[in-house]
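Undergrad: Pasting my_file_36.cif below, which is mmCIF, C-alpha atoms.
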data_work
#
loop_
_atom_site.label_atom_id
_atom_site.label_comp_id
_atom_site.auth_asym_id
_atom_site.auth_seq_id
_atom_site.Cartn_x
_atom_site.Cartn_y
_atom_site.Cartn_z
CA MET C 1 44.10 117.43 24.89
CA GLU C 2 45.45 115.34 22.04
CA LEU C 3 48.95 114.15 21.34
CA THR C 4 49.66 115.42 17.83
CA MET C 5 52.51 114.67 15.48
CA MET C 6 54.08 118.06 16.17
CA MET C 7 54.48 117.22 19.85
CA TYR C 8 56.73 114.28 18.99
CA ILE C 9 58.73 116.16 16.36
CA ILE C 10 59.59 119.13 18.59
CA PRO C 11 61.68 117.22 21.21
CA ALA C 12 63.51 115.44 18.37
CA MET C 13 64.24 118.82 16.79
CA ILE C 14 65.61 120.19 20.05
CA MET C 15 67.72 117.06 20.47
CA PHE C 16 69.15 117.54 16.97
CA GLY C 17 69.91 121.20 17.74
CA CYS C 18 71.77 120.18 20.90
CA GLY C 19 73.74 117.68 18.83
CA VAL C 20 74.74 120.35 16.32
CA TYR C 21 75.77 122.71 19.12
CA GLY C 22 77.86 120.04 20.84
CA PHE C 23 79.41 118.86 17.59
CA ILE C 24 80.71 122.36 16.86
CA THR C 25 81.70 123.49 20.34
CA ARG C 26 83.22 120.39 21.94
CA ARG C 27 86.94 119.77 21.78
CA ASN C 28 87.10 116.29 23.20
CA MET C 29 86.76 113.52 20.62
CA ILE C 30 84.48 111.35 22.77
CA ALA C 31 82.26 114.34 23.57
CA ILE C 32 81.96 114.98 19.82
CA LEU C 33 80.93 111.35 19.40
CA ILE C 34 78.26 111.81 22.10
CA SER C 35 76.85 114.78 20.18
CA LEU C 36 76.83 112.67 17.01
CA GLU C 37 74.79 110.01 18.80
CA LEU C 38 72.27 112.67 19.84
CA MET C 39 71.83 113.72 16.20
CA LEU C 40 71.42 110.13 14.95
CA ASN C 41 68.91 109.43 17.69
CA ALA C 42 66.81 112.47 16.79
CA VAL C 43 66.61 111.31 13.17
CA ASP C 44 65.51 107.84 14.30
CA ILE C 45 62.64 109.38 16.27
CA ASN C 46 61.54 111.28 13.17
CA PHE C 47 61.48 108.14 11.01
CA ALA C 48 59.39 106.23 13.55
CA VAL C 49 56.99 109.11 14.24
CA PHE C 50 56.30 109.89 10.57
CA ASN C 51 55.74 106.18 9.91
CA ARG C 52 53.32 105.83 12.81
CA PHE C 53 51.27 108.97 12.13
CA LEU C 54 51.15 109.06 8.32
CA PHE C 55 51.39 105.41 7.21
CA PRO C 56 50.35 103.27 10.17
CA GLY C 57 49.76 100.19 8.00
CA GLN C 58 53.34 100.02 6.74
CA MET C 59 56.69 99.47 8.42
CA GLU C 60 59.20 101.39 6.28
CA GLY C 61 60.06 104.03 8.88
CA MET C 62 60.46 101.44 11.59
CA PHE C 63 62.89 99.42 9.48
CA PHE C 64 64.80 102.58 8.61
CA SER C 65 65.18 103.29 12.33
CA LEU C 66 66.17 99.69 12.96
CA PHE C 67 68.93 99.75 10.34
CA ALA C 68 70.02 103.23 11.47
CA ILE C 69 70.48 101.88 15.01
CA GLY C 70 72.62 99.05 13.64
CA LEU C 71 74.68 101.46 11.56
CA ALA C 72 75.14 103.75 14.56
CA ALA C 73 76.43 100.84 16.63
CA ALA C 74 78.95 99.89 13.94
CA GLU C 75 80.05 103.50 13.46
CA THR C 76 80.51 104.06 17.20
CA ALA C 77 82.61 100.92 17.59
CA LEU C 78 84.94 101.99 14.78
CA ALA C 79 85.15 105.58 16.00
CA ILE C 80 86.04 104.44 19.50
CA ALA C 81 88.74 102.16 18.09
CA ILE C 82 90.16 105.21 16.29
CA VAL C 83 89.95 107.32 19.47
CA ILE C 84 91.83 104.70 21.49
CA ASN C 85 94.46 104.43 18.76
CA VAL C 86 94.89 108.21 18.70
CA TYR C 87 95.17 108.24 22.48
CA ARG C 88 97.89 105.61 22.25
CA ALA C 89 99.80 107.73 19.71
CA VAL C 90 99.59 111.21 21.25
CA ARG C 91 98.34 110.48 24.82
CA ASN C 92 95.46 112.88 24.33
CA VAL C 93 91.99 113.01 22.81
CA ASP C 94 91.83 116.81 22.47
CA ILE C 95 91.32 117.82 18.86
CA ARG C 96 93.64 120.82 19.27
CA GLN C 97 96.55 118.44 19.79
CA LEU C 98 95.75 116.35 16.74
CA THR C 99 97.69 118.29 14.16
CA LYS C 100 99.90 115.34 13.22
CA MET C 101 97.18 113.91 11.01
CA LYS C 102 97.06 117.05 8.86
CA PHE C 103 99.32 117.11 5.87
CA MET H 1 41.36 111.07 22.94
CA GLU H 2 44.25 109.64 24.85
CA SER H 3 44.09 108.73 28.47
CA LEU H 4 45.48 111.10 31.05
CA GLY H 5 48.25 108.66 31.89
CA SER H 6 49.70 108.65 28.38
CA ILE H 7 49.65 112.46 28.25
CA ILE H 8 51.50 112.65 31.58
CA ALA H 9 53.96 110.02 30.32
CA TYR H 10 54.46 112.02 27.14
CA PHE H 11 55.30 115.19 29.06
CA ILE H 12 57.73 113.37 31.34
CA ILE H 13 59.48 111.87 28.29
CA ALA H 14 59.57 115.17 26.36
CA ILE H 15 60.93 117.18 29.29
CA ALA H 16 63.52 114.46 29.99
CA ILE H 17 64.65 114.52 26.36
CA ILE H 18 64.97 118.31 26.26
CA VAL H 19 66.68 118.72 29.65
CA PHE H 20 69.10 115.81 29.33
CA SER H 21 70.12 116.54 25.76
CA VAL H 22 70.97 120.12 26.74
CA LEU H 23 72.92 118.82 29.74
CA ALA H 24 74.74 116.22 27.62
CA VAL H 25 76.32 118.89 25.44
CA THR H 26 76.96 121.49 28.15
CA SER H 27 78.18 119.34 31.04
CA GLY H 28 81.77 119.89 32.03
CA LYS H 29 82.56 116.30 32.92
CA ILE H 30 82.74 113.67 30.24
CA LEU H 31 81.37 110.81 32.32
CA ARG H 32 78.37 112.93 33.29
CA ALA H 33 77.80 113.80 29.63
CA ALA H 34 77.76 110.07 28.81
CA THR H 35 75.28 109.45 31.65
CA TYR H 36 72.97 112.19 30.38
CA LEU H 37 73.20 110.62 26.92
CA LEU H 38 72.06 107.35 28.49
CA PHE H 39 68.99 109.09 29.93
CA VAL H 40 68.21 110.60 26.52
CA LEU H 41 68.42 107.15 24.92
CA PHE H 42 66.05 105.70 27.53
CA ALA H 43 63.58 108.53 26.93
CA THR H 44 63.75 107.83 23.20
CA ALA H 45 62.93 104.19 23.90
CA GLY H 46 59.98 105.53 25.92
CA ILE H 47 58.74 107.41 22.84
CA TYR H 48 58.98 104.23 20.77
CA PHE H 49 57.02 102.29 23.38
CA GLN H 50 54.41 105.02 23.55
CA ILE H 51 53.72 105.16 19.83
CA GLY H 52 53.45 101.38 19.67
CA TYR H 53 56.78 100.17 18.31
CA GLU H 54 57.69 97.77 21.09
CA PHE H 55 60.31 95.92 19.04
CA LEU H 56 62.06 99.17 18.10
CA GLY H 57 62.08 100.27 21.74
CA ALA H 58 63.55 96.96 22.82
CA VAL H 59 66.27 97.24 20.14
CA GLN H 60 66.95 100.81 21.23
CA ILE H 61 67.49 99.73 24.83
CA ALA H 62 69.51 96.63 23.93
CA VAL H 63 71.79 98.19 21.31
CA TYR H 64 72.07 101.83 22.33
CA ALA H 65 71.65 101.81 26.09
CA GLY H 66 73.27 98.40 26.45
CA GLY H 67 76.01 98.20 23.84
CA ILE H 68 77.00 101.69 22.83
CA MET H 69 76.95 103.12 26.35
CA VAL H 70 79.27 100.34 27.55
CA LEU H 71 81.64 101.24 24.71
CA PHE H 72 81.47 104.91 25.67
CA VAL H 73 82.14 104.28 29.34
CA PHE H 74 85.03 101.93 28.57
CA SER H 75 86.66 104.38 26.19
CA ILE H 76 86.18 107.29 28.60
CA LEU H 77 87.80 105.37 31.42
CA LEU H 78 90.62 104.25 29.12
CA THR H 79 91.45 107.74 27.89
CA HIS H 80 90.66 110.02 30.83
CA LYS H 81 91.84 110.28 34.38
CA PRO H 82 88.79 109.86 36.61
CA GLY H 83 88.35 111.74 39.86
CA ALA H 84 87.65 115.20 41.14
CA ASN H 85 90.70 116.85 39.58
CA ALA H 86 89.96 115.65 36.06
CA PRO H 87 90.30 118.41 33.49
CA ARG H 88 86.98 119.97 32.64
CA LEU H 89 85.59 119.88 29.13
CA ALA H 90 85.88 123.28 27.52
CA ASN H 91 83.46 124.49 24.89
CA HIS H 92 84.91 126.77 22.26
CA LYS H 93 83.28 128.73 19.43
CA ARG H 94 80.11 128.96 21.48
CA TRP H 95 78.51 131.61 19.30
CA LEU H 96 79.17 129.69 16.11
CA GLY H 97 77.64 126.54 17.57
CA LEU H 98 74.69 128.36 19.11
CA SER H 99 73.91 130.24 15.91
CA ALA H 100 74.20 127.08 13.79
CA ALA H 101 71.92 125.13 16.11
CA LEU H 102 69.35 127.93 16.42
CA LEU H 103 69.41 128.62 12.69
CA GLY H 104 68.86 124.95 11.86
CA ALA H 105 66.11 124.61 14.44
CA GLY H 106 64.49 127.80 13.17
CA VAL H 107 64.43 126.61 9.57
CA CYS H 108 63.00 123.25 10.71
CA LEU H 109 60.34 124.94 12.83
CA TYR H 110 59.37 127.30 10.02
CA SER H 111 58.99 124.46 7.53
CA LEU H 112 57.02 122.39 10.06
CA LEU H 113 54.69 125.27 10.86
CA SER H 114 54.19 126.03 7.18
CA TYR H 115 52.37 122.70 6.86
CA GLY H 116 49.74 124.02 9.27
CA SER H 117 47.13 121.55 10.41
CA PHE H 118 48.86 118.68 8.59
CA MET H 119 51.38 118.48 11.42
CA MET H 120 48.62 118.65 14.04
CA GLN H 121 46.97 115.36 13.16
CA LYS H 122 46.59 112.83 15.90
CA MET H 123 47.70 109.26 16.09
CA PRO H 124 45.65 106.82 14.00
CA ASP H 125 43.93 104.12 16.00
CA ASN H 126 43.53 100.40 15.26
CA PHE H 127 47.25 99.94 15.04
CA SER H 128 48.95 96.67 15.81
CA ILE H 129 52.31 95.44 14.65
CA ASP H 130 53.24 91.97 15.75
CA ILE H 131 56.64 90.37 15.85
CA HIS H 132 55.55 87.81 13.26
CA SER H 133 55.03 90.40 10.53
CA ILE H 134 58.33 92.11 11.44
CA GLY H 135 60.19 88.84 11.03
CA GLN H 136 58.41 88.06 7.75
CA ALA H 137 59.25 91.49 6.32
CA LEU H 138 62.85 91.33 7.47
CA LEU H 139 63.56 88.06 5.68
CA SER H 140 61.34 88.26 2.60
CA THR H 141 62.36 89.11 -0.94
CA ASP H 142 58.97 90.49 -1.95
CA LYS H 143 58.07 94.09 -2.60
CA PHE H 144 58.19 95.21 1.03
CA GLY H 145 60.90 92.76 2.05
CA TYR H 146 64.18 93.71 3.61
CA LEU H 147 66.43 90.73 2.95
CA LEU H 148 69.02 92.71 0.96
CA PRO H 149 69.61 95.46 3.57
CA PHE H 150 69.58 92.77 6.27
CA GLU H 151 72.41 90.90 4.54
CA ALA H 152 74.23 94.13 3.66
CA ILE H 153 74.22 95.24 7.29
CA SER H 154 75.55 91.86 8.39
CA ILE H 155 78.49 92.25 5.99
CA LEU H 156 78.95 95.81 7.27
CA LEU H 157 79.09 94.58 10.86
CA LEU H 158 81.66 91.95 9.89
CA ALA H 159 83.75 94.63 8.18
CA CYS H 160 83.42 96.78 11.30
CA ILE H 161 84.64 93.97 13.55
CA ILE H 162 87.69 93.40 11.34
CA GLY H 163 88.31 97.15 11.00
CA GLY H 164 88.05 97.69 14.76
CA VAL H 165 90.53 94.90 15.47
CA VAL H 166 92.94 96.17 12.81
CA ILE H 167 92.77 99.78 13.96
CA ALA H 168 93.01 99.17 17.69
CA ARG H 169 95.57 96.38 17.77
CA LYS H 170 98.95 96.94 19.34
CA ARG H 171 101.80 97.39 16.90
#
How does this structure look as structure tokens?
TA:
Amino acid sequence: MELTMMMYIIPAMIMFGCGVYGFITRRNMIAILISLELMLNAVDINFAVFNRFLFPGQMEGMFFSLFAIGLAAAETALAIAIVINVYRAVRNVDIRQLTKMKF
Amino acid sequence: MESLGSIIAYFIIAIAIIVFSVLAVTSGKILRAATYLLFVLFATAGIYFQIGYEFLGAVQIAVYAGGIMVLFVFSILLTHKPGANAPRLANHKRWLGLSAALLGAGVCLYSLLSYGSFMMQKMPDNFSIDIHSIGQALLSTDKFGYLLPFEAISILLLACIIGGVVIARKR
């Protein structure tokens, strides 16, 4: 039995599907952020796997994953700052209660 | 032909990814969802180690499992009441989410399968990527150099630090 490229793509695809499902169905802001991290992580796996299987002599996919991890860290820090600020304003992180920001 | 150990390791990692990512979006408690996300991130680092990107796996563990999970746990404990009587997370619009996820996964699977045997190729051998070449590529200005994105992401991180302080400060 051989480990083919498909066998690494399929778990990443399922992870991305779970992220989409959670992003639509969750109502808590931090839970939405967790789903977002799942989606970003699935994309990182795809970059690394395509790089390793198709162009093993180069490093483009690995650097894409590396920079995507850095961007995800920055984005999460800012999003959590916003969540804490929202919690301080309305004492809640439920998106149904966040109608004040609409105009 | 891979050794039996790597195939067993692959199946453990794949099943962990599938099970824990489903649990992370369906669990009713937010702290448990964050813990399942941590397991998914560790399994992803396992995939990186298995296909030979040790540096990427180390960064994944250090940044994701180390930094981002600490941020998540801190923010959860700052904004939620812990304990047994914490309000459960409710999922709404289940059918919309399920149909969007299944539709997207179906389109992806169809396009992957339409490539046929191209997707079934196995891992090329004689692969080695050392930390020296990673460092050279990260700081070179040649054709395959990454100095500009490296500097751009450092400015982005600085902007994020300032933005985080400005947003979250007490007024």
Undergrad: Can you tell me which residues surround stretch 8-13 of chain C at a distance of at most 10 Å, considering all atoms listed in the file, apart from same-chain residues fewer than 2 positions away, and format the answer as a PDB file with C-alpha atoms, in the frame of the given file?
TA:
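And here is the file that came out, selection-v4.pdb:
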ATOM      1  CA  LEU C   3      48.950 114.150  21.340  1.00  0.00           C
ATOM      2  CA  THR C   4      49.660 115.420  17.830  1.00  0.00           C
ATOM      3  CA  MET C   5      52.510 114.670  15.480  1.00  0.00           C
ATOM      4  CA  MET C   6      54.080 118.060  16.170  1.00  0.00           C
ATOM      5  CA  MET C  15      67.720 117.060  20.470  1.00  0.00           C
ATOM      6  CA  PHE C  16      69.150 117.540  16.970  1.00  0.00           C
ATOM      7  CA  GLY C  17      69.910 121.200  17.740  1.00  0.00           C
ATOM      8  CA  CYS C  18      71.770 120.180  20.900  1.00  0.00           C
ATOM      9  CA  GLY C  19      73.740 117.680  18.830  1.00  0.00           C
ATOM     10  CA  LEU C  38      72.270 112.670  19.840  1.00  0.00           C
ATOM     11  CA  MET C  39      71.830 113.720  16.200  1.00  0.00           C
ATOM     12  CA  ASN C  41      68.910 109.430  17.690  1.00  0.00           C
ATOM     13  CA  ALA C  42      66.810 112.470  16.790  1.00  0.00           C
ATOM     14  CA  VAL C  43      66.610 111.310  13.170  1.00  0.00           C
ATOM     15  CA  ASP C  44      65.510 107.840  14.300  1.00  0.00           C
ATOM     16  CA  ILE C  45      62.640 109.380  16.270  1.00  0.00           C
ATOM     17  CA  ASN C  46      61.540 111.280  13.170  1.00  0.00           C
ATOM     18  CA  VAL C  49      56.990 109.110  14.240  1.00  0.00           C
ATOM     19  CA  PHE C  50      56.300 109.890  10.570  1.00  0.00           C
TER      20      PHE C  50
ATOM     21  CA  TYR H  10      54.460 112.020  27.140  1.00  0.00           C
ATOM     22  CA  ILE H  13      59.480 111.870  28.290  1.00  0.00           C
ATOM     23  CA  ALA H  14      59.570 115.170  26.360  1.00  0.00           C
ATOM     24  CA  ILE H  15      60.930 117.180  29.290  1.00  0.00           C
ATOM     25  CA  ALA H  16      63.520 114.460  29.990  1.00  0.00           C
ATOM     26  CA  ILE H  17      64.650 114.520  26.360  1.00  0.00           C
ATOM     27  CA  ILE H  18      64.970 118.310  26.260  1.00  0.00           C
ATOM     28  CA  VAL H  19      66.680 118.720  29.650  1.00  0.00           C
ATOM     29  CA  SER H  21      70.120 116.540  25.760  1.00  0.00           C
ATOM     30  CA  THR H  44      63.750 107.830  23.200  1.00  0.00           C
ATOM     31  CA  ILE H  47      58.740 107.410  22.840  1.00  0.00           C
ATOM     32  CA  ILE H  51      53.720 105.160  19.830  1.00  0.00           C
ATOM     33  CA  ALA H 101      71.920 125.130  16.110  1.00  0.00           C
ATOM     34  CA  GLY H 104      68.860 124.950  11.860  1.00  0.00           C
ATOM     35  CA  ALA H 105      66.110 124.610  14.440  1.00  0.00           C
ATOM     36  CA  GLY H 106      64.490 127.800  13.170  1.00  0.00           C
ATOM     37  CA  CYS H 108      63.000 123.250  10.710  1.00  0.00           C
ATOM     38  CA  LEU H 109      60.340 124.940  12.830  1.00  0.00           C
ATOM     39  CA  LEU H 112      57.020 122.390  10.060  1.00  0.00           C
ATOM     40  CA  MET H 119      51.380 118.480  11.420  1.00  0.00           C
TER      41      MET H 119
END
Undergrad: Can you give me, as a list in words, the residues this file yields under the PyMOL selection byres ((chain C and resi 71-77) around 7)?
TA: Phe67, Ala68, Ile69, Gly70, Leu78, Ala79, Ile80 and Ala81 of chain C; Ile68, Leu157, Cys160 and Gly164 of chain H
Undergrad: To one decimal in Å, tell me the separation between atom CA of H:Tyr36 and atom CA of C:Met29.
TA: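 Interatomic distance, atom CA of H:Tyr36 to atom CA of C:Met29: 16.9 Å.
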Undergrad: Rounded to one decimal in Å, what is the spacing between atom CA of C:Glu37 and atom CA of H:Leu41?
TA: 9.3 Å
Undergrad: Starting from the shown file, work through the PyMOL selection byres ((chain C and resi 57) around 10) and note down what comes out as a list in words.
TA: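 Applying the PyMOL selection byres ((chain C and resi 57) around 10) to the structure shown produces Asn51, Arg52, Phe53, Leu54, Phe55, Pro56, Gln58, Met59 and Glu60 of chain C; Pro124, Asn126, Phe127, Ser128 and Ile129 of chain H.
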Undergrad: Assuming the chain letters and numbering stay as they are in my file, what does the PyMOL selection byres ((chain H and resi 61) around 10) actually select? List them as a ChimeraX atom specification.
TA: /H:38,41-46,55-60,62-68
Undergrad: Rank nothing, just name the residue among H:His80, H:Leu156, H:Ser27, H:Ser114 nearest to C:Asp94, using all atoms listed in the file.
TA: H:His80
Undergrad: Find the distance between atom CA of H:Leu31 and atom CA of C:Gly22 and write it in Å to one decimal.
TA: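 Answer for the atom CA of H:Leu31 to atom CA of C:Gly22 separation: 15.1 Å.
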Undergrad: Using 3 Å of padding on each side, determine the axis-aligned box around all atoms of stretch 7-21 of chain C present in the file and give its centre and edge lengths in Å to one decimal, as JSON.
TA:
{"center_x": 65.1, "center_y": 118.5, "center_z": 18.8, "size_x": 27.3, "size_y": 14.4, "size_z": 10.9}
Undergrad: Which polymer residues have any atom within 12 Å of an atom of C:Ile24, counting all atoms listed in the file, with same-chain residues fewer than 4 positions away left out, as an NGL selection string?
TA: (:C and (17-20 or 28-29 or 31-33 or 35-36 or 95)) or (:H and (25-26 or 90-101))
Undergrad: Tell me which of H:Ile30, H:Met120, H:Val107, H:Leu23 sits closest to C:Glu2, counting only C-alpha atoms.
TA: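 Result for the nearest residue to C:Glu2: H:Met120.
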